[in-house]
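Peer 1: One structure is given below, represented as structure tokens, and several questions about it will come after.
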Amino acid sequence: MASEFTGVEDVHKRLEAAGYLPDRSIETVVFLAERLGKPILVEGPAGVGKTELAKAVAEARDAVLIRLQCYEGLDEAKALYEWNYKKQLLRITHARGGDPGPGGEGGGEDWEEVEDDLFGEDYLLERPLLQALRHSGESVLLIDEVDKVDFEFEALLLEILSDFQVTIPELGTVKGTHHPFVVLTSNNTRELSEALKRRCLYLYLDYPTVEREKEIVLSRVPEAPEQLVDQLVRIVRSLRQLELKKSPSISETLDWARTLLELGFDTIDEDVARSTMNVLLKYQQDVEKASGHLKLPPRPEMN
Ligand SMILES: Nc1ncnc2c1ncn2[C@@H]1O[C@H](COP(=O)(O)OP(=O)(O)O)[C@@H](O)[C@H]1O
Ligand SMILES: [Mg+2]
């Protein structure tokens with residue numbers, strides 16, 4: 001049975017149990033969002049744990065995760081619902097008697113009846129937003145990368161988030177019984193509307209502190225020796241100070257830790273860093289810039 005969070009400390013414990021290490025601001029916002037019944041809008045660079053937060057909240061609340069992945073051109077048909085045209089077409093063909101059913105029935109059916117059928121439940125394709133409204137248990141609705149949709153779609157989202165209901169002309173108004181716990185994420189590629197921001201609790205996720213990133217790496221890659229993790233987290237941190245085209249995120253830190261382990265390194269020297277830098281940085285110009293800045297000891301001479 002899902003239970004409500006009893007306090008900020010409880011949020012912390014349950015997110016941690018779900019594999020997510022929150023900080024104070026994260027756990028406070030999650031707690032308030034539940035109490036106030038408001039969506040959370042999480043903004044920040046790629047790879048800092050925005051999507052993962054929604055997944056962890058779902059796990060912590062024992063709730064179903066319903067995900068709407070946003071992209072340019074996303075429309076109502078893919079986000080809310082659409083009618084199953086193929087199935088409708090088959091039904092129409094059948095009704096006309098063109099293709100009798102297995103029992104030889106069909107043909108000469110009452111058209112009004114057929115029409116009623118065509119826009120009934122059996123022909124409805126539920127998409128994530130409608131699914132979340134109609135879900136009868138606890139759910140977390142993740143609207144991921146909302147900055148990718150256009151303003152028109154944002155307005156539709158706002159309407160649904162305000163009323164938790166939607167009107168389907170052929171079926172009537174669908175009103176959610178359980179309000180989903182809503183998390184919207186944005187990579188900040190454009191400004192979202194004031195109205196949408198006002199509706200939400202705002203959370204900015206930035207790159208973590210050295211301490212917290214260390215904890216995250218140690219929890220996700222438990223085989224990694226602590227002194228290696230300490231060293232790599234500090235190097236990543238220093239790379240983030242440079243003006244790179246794409247700063248390494250937590251995802252890349254984790255990939256780097258796994259790579260170093262895989263290759264059997266337990267300390268990072270200049271050679272190791274140079275030969276594995278492509279895991280952290282995805283642009284040649286960034287790699288070149290970083291190589292100039294890294295002050296690592298050369299590989300010790302073997303004798
Ligand atoms: N606080 C955290 N605790 C545990 N793992 C985290 C945390 N933040 C980020 N991660 C890890 O970092 C990776 C990237 O997170 P993700 O949510 O996909 O980033 P975003 O959605 O912000 O681009 C995931 O693999 C996730 O496991
Ligand atoms: Mg994401």
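Residue numbers start at 1 in each chain; chains themselves are named A, B, ... in the order of the structure tokens; ligands are numbered from 1 in the order shown.
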Residues within 6 Å of ligand 1 (only C-alpha atoms and all ligand atoms), as number ranges by chain?

Peer 2: A: 19-22, 46-52, 216, 250-251

Peer 1: Could you write those residues out with N, CA and C atoms, as a PDB file, in the first residue's frame?

Peer 2:
ATOM      1  N   GLY A  19      17.278   4.142  -4.499  1.00  0.00           N
ATOM      2  CA  GLY A  19      18.533   4.298  -5.241  1.00  0.00           C
ATOM      3  C   GLY A  19      18.856   5.726  -5.644  1.00  0.00           C
ATOM      4  N   TYR A  20      18.113   6.675  -5.113  1.00  0.00           N
ATOM      5  CA  TYR A  20      18.339   8.075  -5.497  1.00  0.00           C
ATOM      6  C   TYR A  20      18.809   8.860  -4.280  1.00  0.00           C
ATOM      7  N   LEU A  21      19.922   9.568  -4.414  1.00  0.00           N
ATOM      8  CA  LEU A  21      20.438  10.343  -3.287  1.00  0.00           C
ATOM      9  C   LEU A  21      20.007  11.801  -3.423  1.00  0.00           C
ATOM     10  N   PRO A  22      19.061  12.209  -2.612  1.00  0.00           N
ATOM     11  CA  PRO A  22      18.554  13.577  -2.735  1.00  0.00           C
ATOM     12  C   PRO A  22      19.376  14.536  -1.878  1.00  0.00           C
ATOM     13  N   ALA A  46      21.532  18.635 -18.819  1.00  0.00           N
ATOM     14  CA  ALA A  46      21.305  17.207 -19.071  1.00  0.00           C
ATOM     15  C   ALA A  46      22.143  16.360 -18.125  1.00  0.00           C
ATOM     16  N   GLY A  47      21.585  15.253 -17.704  1.00  0.00           N
ATOM     17  CA  GLY A  47      22.345  14.270 -16.939  1.00  0.00           C
ATOM     18  C   GLY A  47      22.572  14.565 -15.471  1.00  0.00           C
ATOM     19  N   VAL A  48      21.721  15.395 -14.864  1.00  0.00           N
ATOM     20  CA  VAL A  48      21.906  15.681 -13.435  1.00  0.00           C
ATOM     21  C   VAL A  48      20.873  14.982 -12.547  1.00  0.00           C
ATOM     22  N   GLY A  49      20.041  14.130 -13.156  1.00  0.00           N
ATOM     23  CA  GLY A  49      19.126  13.341 -12.327  1.00  0.00           C
ATOM     24  C   GLY A  49      17.682  13.819 -12.315  1.00  0.00           C
ATOM     25  N   LYS A  50      17.253  14.499 -13.356  1.00  0.00           N
ATOM     26  CA  LYS A  50      15.870  14.995 -13.393  1.00  0.00           C
ATOM     27  C   LYS A  50      14.884  13.845 -13.654  1.00  0.00           C
ATOM     28  N   THR A  51      15.140  13.112 -14.718  1.00  0.00           N
ATOM     29  CA  THR A  51      14.258  11.993 -15.050  1.00  0.00           C
ATOM     30  C   THR A  51      14.292  10.943 -13.944  1.00  0.00           C
ATOM     31  N   GLU A  52      15.489  10.688 -13.477  1.00  0.00           N
ATOM     32  CA  GLU A  52      15.680   9.675 -12.436  1.00  0.00           C
ATOM     33  C   GLU A  52      14.896  10.031 -11.169  1.00  0.00           C
ATOM     34  N   ILE A 216      26.937   9.445  -4.851  1.00  0.00           N
ATOM     35  CA  ILE A 216      26.147   8.895  -5.956  1.00  0.00           C
ATOM     36  C   ILE A 216      26.945   7.821  -6.693  1.00  0.00           C
ATOM     37  N   ILE A 250      26.507  13.866 -14.383  1.00  0.00           N
ATOM     38  CA  ILE A 250      26.615  12.704 -13.504  1.00  0.00           C
ATOM     39  C   ILE A 250      26.649  11.409 -14.323  1.00  0.00           C
ATOM     40  N   SER A 251      25.861  11.374 -15.400  1.00  0.00           N
ATOM     41  CA  SER A 251      25.880  10.164 -16.247  1.00  0.00           C
ATOM     42  C   SER A 251      27.290   9.855 -16.716  1.00  0.00           C
TER      43      SER A 251
END

Peer 1: Residues of chain A that have any atom at most 12 Å from an atom of ligand 2: could you tabulate them with the shortest-distance atom pair and the distance in Å to one decimal, using only C-alpha atoms and all ligand atoms, ordered by chain and increasing number, as a Markdown table?

Peer 2:
| residue | atom | partner | partner_atom_place_in_ligand_line | distance |
| --- | --- | --- | --- | --- |
| A:Val42 | CA | ligand 2 | 1 (Mg) | 10.1 |
| A:Glu43 | CA | ligand 2 | 1 (Mg) | 10.1 |
| A:Gly44 | CA | ligand 2 | 1 (Mg) | 9.8 |
| A:Pro45 | CA | ligand 2 | 1 (Mg) | 9.3 |
| A:Ala46 | CA | ligand 2 | 1 (Mg) | 6.6 |
| A:Gly47 | CA | ligand 2 | 1 (Mg) | 6.5 |
| A:Val48 | CA | ligand 2 | 1 (Mg) | 8.1 |
| A:Gly49 | CA | ligand 2 | 1 (Mg) | 6.9 |
| A:Lys50 | CA | ligand 2 | 1 (Mg) | 5.5 |
| A:Thr51 | CA | ligand 2 | 1 (Mg) | 4.2 |
| A:Glu52 | CA | ligand 2 | 1 (Mg) | 7.1 |
| A:Leu53 | CA | ligand 2 | 1 (Mg) | 9.3 |
| A:Ala54 | CA | ligand 2 | 1 (Mg) | 9.6 |
| A:Lys55 | CA | ligand 2 | 1 (Mg) | 10.4 |
| A:Arg67 | CA | ligand 2 | 1 (Mg) | 11.2 |
| A:Leu68 | CA | ligand 2 | 1 (Mg) | 11.6 |
| A:Gln69 | CA | ligand 2 | 1 (Mg) | 9.3 |
| A:Cys70 | CA | ligand 2 | 1 (Mg) | 10.6 |
| A:Leu142 | CA | ligand 2 | 1 (Mg) | 10.1 |
| A:Ile143 | CA | ligand 2 | 1 (Mg) | 10.1 |
| A:Asp144 | CA | ligand 2 | 1 (Mg) | 6.6 |
| A:Glu145 | CA | ligand 2 | 1 (Mg) | 6.8 |
| A:Val146 | CA | ligand 2 | 1 (Mg) | 10.4 |
| A:Asp147 | CA | ligand 2 | 1 (Mg) | 11.7 |
| A:Val183 | CA | ligand 2 | 1 (Mg) | 11.4 |
| A:Leu184 | CA | ligand 2 | 1 (Mg) | 10.1 |
| A:Thr185 | CA | ligand 2 | 1 (Mg) | 7.2 |
| A:Ser186 | CA | ligand 2 | 1 (Mg) | 8.2 |
| A:Asn187 | CA | ligand 2 | 1 (Mg) | 8.0 |
| A:Asn188 | CA | ligand 2 | 1 (Mg) | 11.7 |
| A:Leu205 | CA | ligand 2 | 1 (Mg) | 11.6 |
| A:Ser249 | CA | ligand 2 | 1 (Mg) | 11.5 |
| A:Ile250 | CA | ligand 2 | 1 (Mg) | 11.6 |
| A:Ser251 | CA | ligand 2 | 1 (Mg) | 10.4 |

Peer 1: Select from segment 99-200 of chain A everything DSSP, run on the backbone, classes as strand (DSSP E or B), then give the selection as number ranges by chain.

Peer 2: A: 124-126, 139-144, 165-168, 172-175, 181-186

Peer 1: Would you compute the distance between atom CA of Leu41 of chain A and atom CA of Arg134 of chain A? Give it in Å to one decimal.

Peer 2: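 According to the coordinates, atom CA of Leu41 of chain A and atom CA of Arg134 of chain A are separated by 22.3 Å.
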
Peer 1: From the options A:Glu270, A:Ala290, A:Lys214, A:Asp23, which residue's atoms come nearest to Gln241 of chain A, counting only C-alpha atoms?

Peer 2: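 Smallest distance to Gln241 of chain A is found for A:Ala290.
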
Peer 1: Separation of atom CA of Asp286 of chain A and atom CA of Phe265 of chain A, in Å?

Peer 2: 23.3 Å

Peer 1: Between atom CA of Leu118 of chain A and atom CA of Asp75 of chain A, what is the distance in Å, rounded to a tenth?

Peer 2: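 Interatomic distance here is 22.1 Å.
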
Peer 1: Which one of A:Ala257, A:Ile235, A:Leu218, A:Val140 sits closest to Leu65 of chain A if you count only C-alpha atoms?

Peer 2: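 Ranking A:Ala257, A:Ile235, A:Leu218, A:Val140 by distance to Leu65 of chain A, first place goes to A:Val140.
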